[in-house]
$ cat protein_31.csv   # CSV, C-alpha atoms
chain,number,residue,atom,x,y,z
A,122,MET,CA,-24.4,3.4,23.1
A,123,ALA,CA,-21.4,3.9,20.8
A,124,ILE,CA,-18.2,5.1,22.3
A,125,ASN,CA,-15.6,6.7,19.9
A,126,TYR,CA,-12.0,7.1,21.1
A,127,ILE,CA,-9.9,9.9,19.4
A,128,CYS,CA,-6.6,11.4,20.2
A,129,ARG,CA,-6.9,14.7,22.0
A,130,HIS,CA,-3.8,16.0,20.3
A,131,CYS,CA,-3.7,14.8,16.7
A,132,ARG,CA,-7.4,13.8,16.5
A,133,THR,CA,-6.6,10.4,15.1
A,134,PHE,CA,-9.4,7.9,15.4
A,135,ILE,CA,-8.2,5.2,17.8
A,136,GLY,CA,-11.2,2.9,18.1
A,137,ARG,CA,-14.9,2.4,18.7
A,138,ILE,CA,-17.0,0.4,21.0
A,139,ASP,CA,-20.5,-0.2,19.6
A,140,SER,CA,-22.4,-2.1,22.2
A,141,PRO,CA,-25.6,-1.2,24.1
A,142,LYS,CA,-24.5,-3.4,27.0
A,143,VAL,CA,-21.3,-1.6,27.9
A,144,THR,CA,-21.6,0.7,31.0
A,145,GLU,CA,-19.6,3.7,32.1
A,146,MET,CA,-18.5,1.7,35.1
A,147,GLN,CA,-17.0,-1.0,32.9
A,148,LEU,CA,-15.1,1.7,31.0
A,149,GLY,CA,-13.8,3.2,34.3
A,150,PHE,CA,-15.5,6.5,33.8
A,151,HIS,CA,-16.7,6.4,37.4
A,152,PHE,CA,-13.0,7.0,38.6
A,153,LEU,CA,-12.9,10.4,36.9
A,154,THR,CA,-13.6,13.6,38.7
A,155,PRO,CA,-16.4,15.8,37.3
A,156,GLU,CA,-13.7,18.1,35.9
A,157,GLU,CA,-11.9,15.2,34.2
A,158,ARG,CA,-15.2,14.0,32.8
A,159,ARG,CA,-15.9,17.4,31.2
A,160,ASP,CA,-12.4,17.4,29.7
A,161,ILE,CA,-12.3,13.9,28.4
A,162,ILE,CA,-15.9,12.8,27.6
A,163,ALA,CA,-18.3,14.4,25.2
A,164,TYR,CA,-21.9,13.3,24.6
A,165,ASP,CA,-23.8,14.2,21.4
A,166,SER,CA,-27.5,14.4,20.8
A,167,SER,CA,-27.6,11.1,18.9
A,168,GLY,CA,-26.4,9.2,22.0
A,169,GLU,CA,-22.8,8.7,20.9
A,170,VAL,CA,-19.9,9.3,23.3
A,171,THR,CA,-16.5,10.7,22.3
A,172,VAL,CA,-13.6,10.0,24.6
A,173,ARG,CA,-10.5,12.1,24.1
A,174,VAL,CA,-7.3,10.2,25.1
A,175,THR,CA,-3.7,10.3,24.0
A,176,CYS,CA,-2.6,7.9,21.2
A,177,ASP,CA,0.7,6.0,21.3
A,178,TYR,CA,2.3,8.3,18.7
A,179,CYS,CA,1.6,11.4,20.7
A,180,ARG,CA,2.5,9.8,24.0
A,181,GLU,CA,5.9,8.9,22.6
A,182,ALA,CA,6.4,12.4,21.1
A,183,PHE,CA,5.7,14.0,24.5
A,184,GLU,CA,8.0,11.5,26.3
A,185,GLY,CA,10.8,12.3,23.9
A,186,ASN,CA,10.1,16.0,23.7
A,187,PRO,CA,8.6,17.2,27.0
A,188,GLU,CA,8.8,20.8,25.8
A,189,LEU,CA,5.9,20.1,23.5
A,190,THR,CA,3.5,20.1,26.5
A,191,LEU,CA,4.1,23.9,26.7
A,192,LEU,CA,2.5,24.5,23.3
A,193,SER,CA,-1.3,24.9,22.9
A,194,ASN,CA,-1.5,22.7,19.8
A,195,PRO,CA,1.8,20.8,19.7
A,196,LEU,CA,0.9,18.0,17.3
A,197,GLN,CA,-1.5,19.3,14.8

$ encode --input "protein_31.csv" --output "structure tokens"
Amino acid sequence: MAINYICRHCRTFIGRIDSPKVTEMQLGFHFLTPEERRDIIAYDSSGEVTVRVTCDYCREAFEGNPELTLLSNPLQ
């Protein structure tokens, strides 16, 4: 199973885990509610998983400019 991490705001590729041995429990996915899972994790037909998180750049931008959270696409 390949897991790709991308930023949910700027869509920057953050990293990839390409290991058939990694489990969702090891990644902490079991702590997510069903709604959070639908929002954060996407599965495709080839078996790859995409996890949408916030990169450091966007996190810093939101911390310095909280009003950006009011926009639908603040960091395109």

$ residues_around --input "protein_31.csv" --residues "range 156-172 of chain A" --least-positions-apart "3" --cutoff "12 Å" --atoms "all atoms listed in the file" --output "PyMOL selection string"
chain A and resi 122-130+132-141+143-145+148-153+175-176

$ atom_distance --input "protein_31.csv" --atom1 "CA of Ala182 in chain A" --atom2 "CA of Gln147 in chain A"
29.4 Å

$ atom_distance --input "protein_31.csv" --atom1 "CA of Pro155 in chain A" --atom2 "CA of Glu188 in chain A"
28.1 Å

$ decode --input "protein_31.csv" --residues "range 136-174 of chain A" --atoms "C-alpha atoms" --output "tab-separated table (two decimals), in the first residue's frame"
chain	number	residue	atom	x	y	z
A	136	GLY	CA	5.93	12.71	1.24
A	137	ARG	CA	5.21	9.09	0.46
A	138	ILE	CA	5.27	5.85	2.38
A	139	ASP	CA	5.62	2.90	0.03
A	140	SER	CA	5.47	-0.19	2.18
A	141	PRO	CA	3.07	-3.11	2.10
A	142	LYS	CA	3.72	-3.69	5.81
A	143	VAL	CA	2.49	-0.35	7.16
A	144	THR	CA	-0.97	-0.49	8.72
A	145	GLU	CA	-3.62	2.15	9.27
A	146	MET	CA	-3.20	1.58	12.99
A	147	GLN	CA	0.52	2.41	12.79
A	148	LEU	CA	-0.37	5.62	10.95
A	149	GLY	CA	-2.94	6.58	13.58
A	150	PHE	CA	-5.91	6.49	11.22
A	151	HIS	CA	-7.91	4.53	13.81
A	152	PHE	CA	-8.09	7.68	15.97
A	153	LEU	CA	-10.08	9.51	13.27
A	154	THR	CA	-13.85	9.69	13.28
A	155	PRO	CA	-15.65	8.44	10.15
A	156	GLU	CA	-16.25	12.07	9.11
A	157	GLU	CA	-12.56	12.95	9.58
A	158	ARG	CA	-11.54	9.88	7.58
A	159	ARG	CA	-13.76	10.95	4.65
A	160	ASP	CA	-12.29	14.46	4.79
A	161	ILE	CA	-8.63	13.50	5.17
A	162	ILE	CA	-8.13	10.11	3.47
A	163	ALA	CA	-8.88	9.15	-0.14
A	164	TYR	CA	-8.45	5.68	-1.62
A	165	ASP	CA	-8.06	5.09	-5.36
A	166	SER	CA	-8.74	2.03	-7.49
A	167	SER	CA	-5.05	1.08	-7.74
A	168	GLY	CA	-4.79	0.74	-3.95
A	169	GLU	CA	-2.97	4.00	-3.28
A	170	VAL	CA	-4.01	6.22	-0.41
A	171	THR	CA	-3.87	10.01	-0.40
A	172	VAL	CA	-3.80	11.76	2.96
A	173	ARG	CA	-4.59	15.47	2.96
A	174	VAL	CA	-2.78	17.33	5.75
